[in-house]
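*Asks:* Input my_file30.cif, format and content: mmCIF, C-alpha atoms.
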```cif
data_input
loop_
_atom_site.label_atom_id
_atom_site.label_comp_id
_atom_site.auth_asym_id
_atom_site.auth_seq_id
_atom_site.Cartn_x
_atom_site.Cartn_y
_atom_site.Cartn_z
CA MET E 2 216.02 194.56 220.34
CA TRP E 3 212.21 194.62 220.06
CA PHE E 4 211.92 196.30 223.42
CA GLY E 5 214.34 198.97 222.19
CA LEU E 6 212.27 199.65 219.07
CA ALA E 7 209.07 199.83 221.13
CA ALA E 8 210.71 202.31 223.50
CA ILE E 9 211.84 204.47 220.55
CA ALA E 10 208.32 204.42 219.04
CA LEU E 11 206.79 205.33 222.39
CA ALA E 12 209.21 208.21 222.81
CA GLY E 13 208.40 209.45 219.30
CA ALA E 14 204.65 209.31 219.97
CA GLY E 15 205.11 211.23 223.20
CA ALA E 16 207.14 213.88 221.38
CA LEU E 17 204.41 214.26 218.74
CA LEU E 18 201.74 214.60 221.39
CA TYR E 19 203.81 217.23 223.16
CA VAL E 20 204.33 219.21 219.96
CA ASP E 21 200.64 218.95 219.09
CA ARG E 22 199.62 220.07 222.56
CA THR E 23 202.06 222.96 222.42
CA ARG E 24 200.75 224.02 219.01
CA ARG E 25 197.14 223.79 220.21
CA ASP E 26 197.89 225.83 223.31
CA GLN E 27 199.62 228.42 221.18
CA SER E 28 196.69 228.53 218.76
CA GLY E 29 194.28 228.83 221.68
CA ARG E 30 196.23 231.76 223.08
CA VAL E 31 196.24 233.43 219.67
CA ARG E 32 192.49 233.06 219.36
CA GLN E 33 191.93 234.24 222.90
CA ILE E 34 193.97 237.37 222.21
CA TRP E 35 192.10 237.92 218.94
CA ALA E 36 188.72 237.53 220.66
CA LYS E 37 189.66 239.94 223.44
CA ALA E 38 190.82 242.52 220.93
CA GLN E 39 187.49 242.27 219.06
CA GLY E 40 185.39 242.46 222.22
CA TYR E 41 184.18 238.84 221.98
CA THR E 42 184.02 236.14 224.64
CA TYR E 43 186.33 233.13 224.64
CA THR E 44 185.81 229.62 226.01
CA ALA E 45 188.44 226.88 225.89
CA THR E 46 186.04 223.95 225.27
CA ASP E 47 182.32 223.21 224.85
CA ASP E 48 181.19 219.58 224.83
CA GLN E 49 177.59 220.28 223.68
CA LEU E 50 178.13 222.82 220.94
CA ALA E 51 178.97 220.44 218.09
CA GLY E 52 175.64 218.64 218.52
CA GLU E 53 173.68 221.74 217.42
CA TRP E 54 174.23 221.04 213.69
CA HIS E 55 174.10 217.94 211.50
CA ARG E 56 174.88 218.96 207.90
CA ALA E 57 178.00 219.37 205.75
CA VAL E 58 181.15 219.23 207.89
CA MET E 59 179.07 218.72 211.03
CA ALA E 60 177.46 215.49 209.78
CA LYS E 61 178.00 212.73 212.36
CA GLN E 62 180.44 214.91 214.30
CA ASP E 63 178.28 215.58 217.35
CA TYR E 64 180.53 213.39 219.49
CA LEU E 65 183.50 215.74 218.98
CA THR E 66 184.36 218.56 221.35
CA ALA E 67 184.35 222.17 220.19
CA THR E 68 187.56 223.93 221.24
CA ASP E 69 188.69 227.56 221.31
CA VAL E 70 185.11 228.82 221.15
CA VAL E 71 184.52 232.52 220.44
CA ARG E 72 181.08 234.14 220.74
CA GLY E 73 180.04 237.64 219.72
CA ARG E 74 177.89 239.77 217.40
CA ARG E 75 178.56 240.86 213.82
CA ARG E 76 176.11 242.88 211.67
CA GLY E 77 173.72 242.78 214.61
CA GLU E 78 173.51 238.98 214.57
CA GLN E 79 174.89 236.46 217.01
CA PHE E 80 177.80 234.28 215.85
CA VAL E 81 180.04 231.55 217.22
CA LEU E 82 183.46 230.44 215.94
CA PHE E 83 185.20 227.26 217.09
CA ASP E 84 187.52 224.44 216.07
CA LEU E 85 186.08 220.98 215.56
CA GLU E 86 189.22 219.29 216.93
CA GLU E 87 191.40 218.47 213.89
CA THR E 88 188.58 218.58 211.33
CA ALA E 89 187.85 222.24 210.55
CA THR E 90 187.20 225.71 211.92
CA ILE E 91 183.47 226.48 211.93
CA VAL E 92 181.70 229.85 211.82
CA ALA E 93 177.96 229.92 212.61
CA VAL E 94 175.69 233.00 212.45
CA ARG E 95 172.17 232.91 213.88
CA ARG E 96 169.16 234.62 212.28
CA GLU E 97 166.22 235.86 214.30
CA ILE E 98 163.73 233.69 212.37
CA GLY E 99 164.57 230.20 211.15
CA SER E 100 163.34 228.34 208.08
CA ASP E 101 162.52 224.78 207.12
CA VAL E 102 164.38 225.25 203.81
CA ASP E 103 168.13 224.51 203.96
CA ILE E 104 170.66 225.58 201.32
CA ASP E 105 174.19 224.29 200.72
CA LEU E 106 176.88 226.12 198.70
CA ARG E 107 180.22 224.38 198.24
CA LEU E 108 183.20 224.49 195.90
CA LYS E 109 182.99 222.36 192.78
CA SER E 110 186.05 220.44 193.96
CA THR E 111 184.23 219.41 197.17
CA ALA E 112 182.31 216.16 197.38
CA PRO E 113 178.49 216.51 197.21
CA PRO E 114 176.48 216.30 200.44
CA LYS E 115 175.27 212.93 201.67
CA ASP E 116 171.95 214.27 202.97
CA GLY E 117 169.09 212.57 201.17
CA ASP E 118 166.84 215.66 201.27
CA LEU E 119 169.36 217.96 199.57
CA ASN E 120 168.88 218.14 195.79
CA LEU E 121 171.17 219.66 193.18
CA LEU E 122 170.04 223.07 191.91
CA GLY E 123 173.01 224.10 189.76
CA ALA E 124 176.28 226.02 189.71
CA ILE E 125 176.82 229.67 190.59
CA GLY E 126 180.33 230.74 189.69
CA SER E 127 182.82 228.40 191.31
CA ARG E 128 180.25 226.90 193.69
CA VAL E 129 177.47 224.32 193.45
CA VAL E 130 174.10 224.88 195.10
CA PHE E 131 172.01 222.19 196.81
CA ALA E 132 168.70 222.77 198.57
CA THR E 133 165.84 220.97 200.27
CA ASP E 134 163.32 222.98 198.19
CA LEU E 135 164.52 223.74 194.67
CA GLU E 136 161.69 226.12 193.77
CA ILE E 137 162.35 228.38 196.76
CA ALA E 138 166.13 228.13 196.34
CA ARG E 139 165.80 229.18 192.69
CA ARG E 140 164.13 232.42 193.80
CA VAL E 141 166.78 233.02 196.47
CA CYS E 142 169.66 232.62 194.02
CA ASP E 143 169.27 236.04 192.41
CA GLN E 144 171.88 238.65 191.44
CA ARG E 145 172.75 239.25 195.09
CA MET E 146 173.63 235.59 195.51
CA VAL E 147 175.76 235.66 192.35
CA ALA E 148 177.66 238.71 193.58
CA PHE E 149 178.08 237.10 196.98
CA THR E 150 179.54 233.83 195.66
CA GLU E 151 182.07 235.79 193.63
CA SER E 152 183.29 237.59 196.76
CA VAL E 153 183.62 234.57 199.07
CA PRO E 154 187.24 233.72 199.88
CA PRO E 155 188.34 230.33 198.49
CA SER E 156 189.46 229.29 201.97
CA ILE E 157 185.75 228.87 202.87
CA SER E 158 185.11 225.52 201.24
CA MET E 159 181.50 225.05 202.42
CA LEU E 160 178.59 227.33 203.25
CA TRP E 161 175.21 226.01 204.36
CA SER E 162 172.13 226.77 206.46
CA GLU E 163 170.30 224.78 209.14
CA GLY E 164 167.11 226.23 210.58
CA PRO E 165 168.01 229.66 211.99
CA TRP E 166 171.77 229.13 211.50
CA THR E 167 174.08 229.88 208.58
CA LEU E 168 177.50 228.19 208.72
CA GLY E 169 180.85 228.09 206.95
CA SER E 170 183.96 225.93 207.29
CA LEU E 171 187.66 226.86 207.20
CA PRO E 172 190.89 224.88 207.52
CA VAL E 173 192.14 224.55 211.09
CA THR E 174 195.33 226.30 210.02
CA SER E 175 193.48 229.59 209.40
CA ASN E 176 194.49 232.80 211.16
CA GLY E 177 192.80 235.90 212.52
CA ARG E 178 192.46 237.54 209.10
CA ASP E 179 190.73 234.42 207.79
CA TRP E 180 188.39 234.39 210.77
CA ASP E 181 187.31 237.99 210.17
CA ALA E 182 186.69 237.30 206.47
CA ALA E 183 184.75 234.13 207.27
CA ILE E 184 182.50 235.83 209.82
CA GLU E 185 181.82 238.64 207.35
CA SER E 186 180.96 236.22 204.53
CA VAL E 187 178.70 234.00 206.64
CA ALA E 188 176.93 237.07 208.04
CA ARG E 189 176.29 238.34 204.49
CA LEU E 190 174.85 235.00 203.45
CA SER E 191 172.69 234.99 206.57
CA GLY E 192 171.30 238.37 205.52
CA ILE E 193 170.46 237.05 202.04
CA LEU E 194 168.70 234.03 203.53
CA HIS E 195 166.27 236.25 205.45
CA VAL E 196 163.98 235.88 202.41
CA LEU E 197 163.49 232.17 203.14
CA PRO E 198 159.97 231.31 204.32
CA PRO E 199 159.88 231.32 208.12
CA VAL E 200 159.22 228.18 210.09
CA THR E 201 155.72 228.00 211.60
CA ASP E 202 155.39 226.66 215.12
CA PRO E 203 151.88 226.52 216.66
CA ASN E 204 153.37 226.54 220.17
CA GLU E 205 155.03 229.90 219.54
CA LEU E 206 151.71 231.42 218.46
CA GLU E 207 150.09 230.15 221.67
CA VAL E 208 152.83 231.58 223.90
CA ASP E 209 153.09 234.98 222.19
CA HIS E 210 149.32 235.56 221.96
CA ASP E 211 148.05 238.84 223.39
CA PRO E 212 144.89 238.16 225.41
CA SER E 213 143.53 241.66 224.64
CA ARG E 214 143.34 240.86 220.91
CA PRO E 215 141.17 238.30 219.16
CA ARG E 216 142.85 235.09 218.12
CA PRO E 217 143.33 234.36 214.43
CA GLY E 218 140.23 232.72 212.99
CA ALA E 219 137.95 234.00 215.77
CA GLU E 220 135.57 235.60 213.25
CA LYS E 221 135.10 232.26 211.52
CA SER E 222 134.33 230.46 214.77
CA ARG E 223 131.64 232.98 215.78
CA PRO E 224 128.09 231.48 215.76
CA ALA E 225 125.92 232.16 212.73
CA GLN E 226 123.13 233.73 214.84
CA ASP E 227 125.23 236.55 216.19
CA PRO E 228 123.28 239.81 216.69
CA VAL E 229 126.36 241.78 215.65
CA GLU E 230 126.69 240.00 212.33
CA GLN E 231 122.98 239.60 211.38
CA PRO E 232 119.86 241.67 212.24
CA ARG E 233 117.62 240.13 214.82
CA SER E 234 114.54 240.41 212.61
CA ARG E 235 116.09 238.08 210.04
CA GLN E 236 117.06 235.55 212.68
CA GLU E 237 113.82 235.31 214.68
CA GLN E 238 111.14 235.86 211.99
CA PRO E 239 110.24 232.74 209.99
CA PRO E 240 110.31 232.95 206.21
CA ARG E 241 107.16 234.43 204.64
CA GLU E 242 104.68 232.14 202.96
CA PHE E 243 104.12 232.40 199.25
CA THR E 244 100.95 234.39 198.25
CA PRO E 245 99.81 235.22 194.73
CA ARG E 246 99.28 238.91 195.60
CA GLU E 247 102.88 239.35 196.73
CA SER E 248 104.41 237.26 194.01
CA GLY E 249 102.21 238.41 191.09
CA PRO E 250 103.35 240.99 188.57
CA ARG E 251 102.91 244.62 189.38
CA GLU E 252 101.06 245.31 186.10
CA SER E 253 97.93 243.55 187.46
CA ALA E 254 96.88 246.57 189.54
CA PRO E 255 96.51 248.97 186.58
CA ARG E 256 94.52 246.35 184.66
CA GLN E 257 92.02 246.06 187.53
CA ASP E 258 91.58 249.86 187.55
CA GLN E 259 90.82 249.89 183.84
CA SER E 260 88.11 247.25 184.29
CA LEU E 261 86.49 249.34 186.97
CA ARG E 262 86.38 252.37 184.70
CA LYS E 263 84.54 250.59 181.88
CA PRO E 264 80.95 251.04 183.24
CA GLU E 265 81.60 254.70 183.85
CA THR E 266 82.79 255.28 180.31
CA ALA E 267 79.80 253.35 178.93
CA ASP E 268 77.21 255.44 180.80
CA LYS E 269 78.91 258.76 180.25
CA PRO E 270 81.02 258.88 177.16
CA ALA E 271 83.83 261.32 177.05
CA GLN E 272 83.33 264.51 175.08
CA ARG E 273 85.58 264.62 172.01
CA PRO E 274 86.11 267.40 169.53
CA ALA E 275 83.93 267.39 166.46
CA SER E 276 86.92 266.81 164.20
CA GLN E 277 87.72 263.55 165.94
CA ARG E 278 84.12 262.29 165.99
CA SER E 279 83.90 262.32 162.25
CA GLY E 280 86.98 260.21 161.85
CA THR E 281 88.66 262.70 159.44
CA ILE E 282 91.12 265.47 159.99
CA ARG E 283 89.80 268.86 158.93
CA PRO E 284 91.89 271.96 158.35
CA VAL E 285 91.58 274.76 160.84
CA ASP E 286 89.63 277.80 159.55
#
```
Now that the file is in, can you turn its structure into structure tokens?

*Replies:*
Amino acid sequence: MWFGLAAIALAGAGALLYVDRTRRDQSGRVRQIWAKAQGYTYTATDDQLAGEWHRAVMAKQDYLTATDVVRGRRRGEQFVLFDLEETATIVAVRREIGSDVDIDLRLKSTAPPKDGDLNLLGAIGSRVVFATDLEIARRVCDQRMVAFTESVPPSISMLWSEGPWTLGSLPVTSNGRDWDAAIESVARLSGILHVLPPVTDPNELEVDHDPSRPRPGAEKSRPAQDPVEQPRSRQEQPPREFTPRESGPRESAPRQDQSLRKPETADKPAQRPASQRSGTIRPVD
């Protein structure tokens, strides 16, 4: 009797696996047809793709295999869409310049993130905002962000950013119309997040440096005794010694002239008018 029950259970499990495999193959064919119609590329599986991200739905999911992977461009930016096995459908859009500030927008009915560096900023419409830098996130959440959150389809439960990537999650039961709407929404959010401060990497500055141009900070590192910056006379001549003649007031010269004139005036007095010699003012005849 027990062997009979075990055989029935084994047959049922095999039937479920067959149905699941059939459904997955059918879904894969649907996505492949959708990707071909949009001009995108399709890959059945990618073992390394899930390890690119570590937040929101992707937290501790790097061991899973990405299936039904679609790659392409939307709004001039690269995107990738794939299924994370039975967990969710993920859309990721890449920006040209990444940022060290990450932002998370999720529905109020969704559990908060478990990342220790994500802090609660507040609610925007039906979504709650978390960020690694609240001051910068507060400036990003302007009227454009409010209008964006109001237009996001409710099927996209989570939206977040990681470095140069902006991501969103959908149910695995989504269809082609949902995929188009999700790619459009994530691409719009990626455009808004261009205002985030860019990440600074010293290695990138070293690689992209043009040898024909001076490096940043070269003027500061130039020696102080540079003939271009300072005249040579100021560099080579020692400072002048202090002398009373050079440092004395300029009024001393006229005083010396007056003292020299005194003997001359004593010997030969100046001729004055008669009216002034008397000390009185007389009327003119």

*Asks:* Please report the interatomic distance between atom CA of E:Ser175 and atom CA of E:Ala124 in Å with one decimal.

*Replies:*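 Separating atom CA of E:Ser175 from atom CA of E:Ala124 is a distance of 26.4 Å.
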
*Asks:* Output the residue selection produced by the PyMOL selection byres ((chain E and resi 82) around 9) on the file above, formatted as a ChimeraX atom specification.

*Replies:* /E:69-73,80-81,83-84,90-94,180,184

*Asks:* Give as JSON, numbers by chain the residues that the PyMOL selection byres ((chain E and resi 153) around 12) matches when applied to the coordinates above.

*Replies:* {"E": [106, 107, 108, 125, 126, 127, 128, 146, 147, 148, 149, 150, 151, 152, 154, 155, 156, 157, 158, 159, 160, 169, 170, 171, 179, 182, 183, 184, 185, 186, 187, 188, 189, 190]}

*Asks:* Dump C-alpha atoms for the selected residues as a compact mmCIF listing (two decimals), in the coordinates of the input?

*Replies:*
```txt
# COMPACT_ATOMS: atom_id res chain seq x y z
CA LEU E 106 176.88 226.12 198.70
CA ARG E 107 180.22 224.38 198.24
CA LEU E 108 183.20 224.49 195.90
CA ILE E 125 176.82 229.67 190.59
CA GLY E 126 180.33 230.74 189.69
CA SER E 127 182.82 228.40 191.31
CA ARG E 128 180.25 226.90 193.69
CA MET E 146 173.63 235.59 195.51
CA VAL E 147 175.76 235.66 192.35
CA ALA E 148 177.66 238.71 193.58
CA PHE E 149 178.08 237.10 196.98
CA THR E 150 179.54 233.83 195.66
CA GLU E 151 182.07 235.79 193.63
CA SER E 152 183.29 237.59 196.76
CA PRO E 154 187.24 233.72 199.88
CA PRO E 155 188.34 230.33 198.49
CA SER E 156 189.46 229.29 201.97
CA ILE E 157 185.75 228.87 202.87
CA SER E 158 185.11 225.52 201.24
CA MET E 159 181.50 225.05 202.42
CA LEU E 160 178.59 227.33 203.25
CA GLY E 169 180.85 228.09 206.95
CA SER E 170 183.96 225.93 207.29
CA LEU E 171 187.66 226.86 207.20
CA ASP E 179 190.73 234.42 207.79
CA ALA E 182 186.69 237.30 206.47
CA ALA E 183 184.75 234.13 207.27
CA ILE E 184 182.50 235.83 209.82
CA GLU E 185 181.82 238.64 207.35
CA SER E 186 180.96 236.22 204.53
CA VAL E 187 178.70 234.00 206.64
CA ALA E 188 176.93 237.07 208.04
CA ARG E 189 176.29 238.34 204.49
CA LEU E 190 174.85 235.00 203.45
```

*Asks:* What is the distance, in Å and to one decimal place, between atom CA of E:Asn120 and atom CA of E:Trp166?

*Replies:* 19.4 Å

*Asks:* Rounded to one decimal, what separation in Å do you get between atom CA of E:Trp161 and atom CA of E:Asp48?

*Replies:* 22.3 Å

*Asks:* Can you list what the PyMOL selection byres ((chain E and resi 119) around 10) grabs from this structure, as a list in words?

*Replies:* Val102, Asp103, Ile104, Asp105, Pro113, Pro114, Lys115, Asp116, Gly117, Asp118, Asn120, Leu121, Leu122, Val130, Phe131, Ala132, Thr133, Asp134 and Leu135 of chain E

*Asks:* Since we have the selection now, will you write its residues out, keeping C-alpha atoms, as a compact mmCIF listing (two decimals), in the coordinates of the input?

*Replies:*
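Result file is part07.txt:
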```
# COMPACT_ATOMS: atom_id res chain seq x y z
CA VAL E 102 164.38 225.25 203.81
CA ASP E 103 168.13 224.51 203.96
CA ILE E 104 170.66 225.58 201.32
CA ASP E 105 174.19 224.29 200.72
CA PRO E 113 178.49 216.51 197.21
CA PRO E 114 176.48 216.30 200.44
CA LYS E 115 175.27 212.93 201.67
CA ASP E 116 171.95 214.27 202.97
CA GLY E 117 169.09 212.57 201.17
CA ASP E 118 166.84 215.66 201.27
CA ASN E 120 168.88 218.14 195.79
CA LEU E 121 171.17 219.66 193.18
CA LEU E 122 170.04 223.07 191.91
CA VAL E 130 174.10 224.88 195.10
CA PHE E 131 172.01 222.19 196.81
CA ALA E 132 168.70 222.77 198.57
CA THR E 133 165.84 220.97 200.27
CA ASP E 134 163.32 222.98 198.19
CA LEU E 135 164.52 223.74 194.67
```

*Asks:* Which polymer residues have any atom within 8 Å of an atom of E:Leu85, counting all atoms listed in the file, with same-chain residues fewer than 2 positions away left out, as a PyMOL selection string?

*Replies:* chain E and resi 51+65-68+83+87-91

*Asks:* Considering all atoms listed in the file, state which residue in the set E:Val173, E:Ile9, E:Leu168, E:Val141 is at the smallest distance from E:Leu194.

*Replies:*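 Counting all atoms listed in the file, the residue closest to E:Leu194 is E:Val141.
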
*Asks:* Taking all atoms listed in the file into account, which of E:Gly52, E:Pro199, E:Gly177, E:Gly192 comes nearest E:Val31?

*Replies:*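 Nearest to E:Val31: E:Gly177.
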
*Asks:* Which polymer residues have any atom within 6 Å of an atom of stretch 97-100 of chain E, counting all atoms listed in the file, with same-chain residues fewer than 4 positions away left out, as a VMD selection string?

*Replies:* chain E and resid 164 to 165 198 to 200

*Asks:* For stretch 104-174 of chain E of the block above, can you save C-alpha atoms as an mmCIF file, in the first residue's frame?

*Replies:*
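Written output follows (decode.cif):
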```cif
data_model
loop_
_atom_site.group_PDB
_atom_site.id
_atom_site.type_symbol
_atom_site.label_atom_id
_atom_site.label_comp_id
_atom_site.auth_asym_id
_atom_site.auth_seq_id
_atom_site.Cartn_x
_atom_site.Cartn_y
_atom_site.Cartn_z
ATOM 1 C CA ILE E 104 17.494 55.297 -4.184
ATOM 2 C CA ASP E 105 14.662 52.821 -3.568
ATOM 3 C CA LEU E 106 10.985 53.442 -4.431
ATOM 4 C CA ARG E 107 8.486 50.745 -3.500
ATOM 5 C CA LEU E 108 4.762 50.390 -2.886
ATOM 6 C CA LYS E 109 3.550 51.093 0.635
ATOM 7 C CA SER E 110 2.272 47.522 0.832
ATOM 8 C CA THR E 111 5.796 46.168 0.203
ATOM 9 C CA ALA E 112 8.118 45.334 3.076
ATOM 10 C CA PRO E 113 10.917 47.878 3.705
ATOM 11 C CA PRO E 114 14.431 47.099 2.451
ATOM 12 C CA LYS E 115 16.825 45.187 4.684
ATOM 13 C CA ASP E 116 19.888 47.156 3.581
ATOM 14 C CA GLY E 117 21.419 48.916 6.562
ATOM 15 C CA ASP E 118 22.571 51.941 4.529
ATOM 16 C CA LEU E 119 19.104 52.736 3.137
ATOM 17 C CA ASN E 120 17.219 55.287 5.245
ATOM 18 C CA LEU E 121 13.573 56.302 5.051
ATOM 19 C CA LEU E 122 12.977 59.630 3.301
ATOM 20 C CA GLY E 123 9.176 59.698 3.080
ATOM 21 C CA ALA E 124 6.183 58.894 0.896
ATOM 22 C CA ILE E 125 5.498 60.147 -2.623
ATOM 23 C CA GLY E 126 2.000 59.201 -3.701
ATOM 24 C CA SER E 127 1.517 55.469 -3.290
ATOM 25 C CA ARG E 128 5.243 54.771 -2.909
ATOM 26 C CA VAL E 129 7.815 55.079 -0.138
ATOM 27 C CA VAL E 130 11.301 56.435 -0.814
ATOM 28 C CA PHE E 131 14.511 55.158 0.788
ATOM 29 C CA ALA E 132 18.005 56.440 0.027
ATOM 30 C CA THR E 133 21.623 56.120 1.094
ATOM 31 C CA ASP E 134 21.927 59.943 1.221
ATOM 32 C CA LEU E 135 18.755 61.684 2.370
ATOM 33 C CA GLU E 136 19.917 65.227 1.586
ATOM 34 C CA ILE E 137 20.675 64.407 -2.051
ATOM 35 C CA ALA E 138 17.544 62.274 -2.414
ATOM 36 C CA ARG E 139 15.427 65.157 -1.095
ATOM 37 C CA ARG E 140 16.680 67.351 -3.948
ATOM 38 C CA VAL E 141 16.064 64.602 -6.502
ATOM 39 C CA CYS E 142 12.456 64.077 -5.402
ATOM 40 C CA ASP E 143 11.079 67.178 -7.117
ATOM 41 C CA GLN E 144 7.920 67.679 -9.189
ATOM 42 C CA ARG E 145 9.256 65.411 -11.932
ATOM 43 C CA MET E 146 9.602 62.570 -9.455
ATOM 44 C CA VAL E 147 6.076 63.166 -8.152
ATOM 45 C CA ALA E 148 4.658 63.075 -11.682
ATOM 46 C CA PHE E 149 6.678 59.958 -12.430
ATOM 47 C CA THR E 150 5.464 58.001 -9.389
ATOM 48 C CA GLU E 151 1.875 58.783 -10.319
ATOM 49 C CA SER E 152 2.380 57.294 -13.797
ATOM 50 C CA VAL E 153 4.136 54.058 -12.787
ATOM 51 C CA PRO E 154 1.968 50.974 -13.334
ATOM 52 C CA PRO E 155 1.024 49.192 -10.084
ATOM 53 C CA SER E 156 2.430 45.950 -11.481
ATOM 54 C CA ILE E 157 5.937 47.379 -10.877
ATOM 55 C CA SER E 158 6.189 46.790 -7.149
ATOM 56 C CA MET E 159 9.807 47.977 -6.684
ATOM 57 C CA LEU E 160 12.068 50.512 -8.357
ATOM 58 C CA TRP E 161 15.640 51.119 -7.223
ATOM 59 C CA SER E 162 19.121 52.161 -8.367
ATOM 60 C CA GLU E 163 22.546 50.574 -7.929
ATOM 61 C CA GLY E 164 25.568 52.447 -9.227
ATOM 62 C CA PRO E 165 24.955 53.067 -12.948
ATOM 63 C CA TRP E 166 21.853 50.829 -13.038
ATOM 64 C CA THR E 167 18.168 51.569 -12.462
ATOM 65 C CA LEU E 168 15.961 48.506 -11.921
ATOM 66 C CA GLY E 169 12.326 47.491 -11.539
ATOM 67 C CA SER E 170 10.564 44.234 -10.678
ATOM 68 C CA LEU E 171 7.427 42.635 -12.149
ATOM 69 C CA PRO E 172 5.528 39.416 -11.448
ATOM 70 C CA VAL E 173 6.728 36.441 -13.479
ATOM 71 C CA THR E 174 3.227 36.173 -14.933
#
```
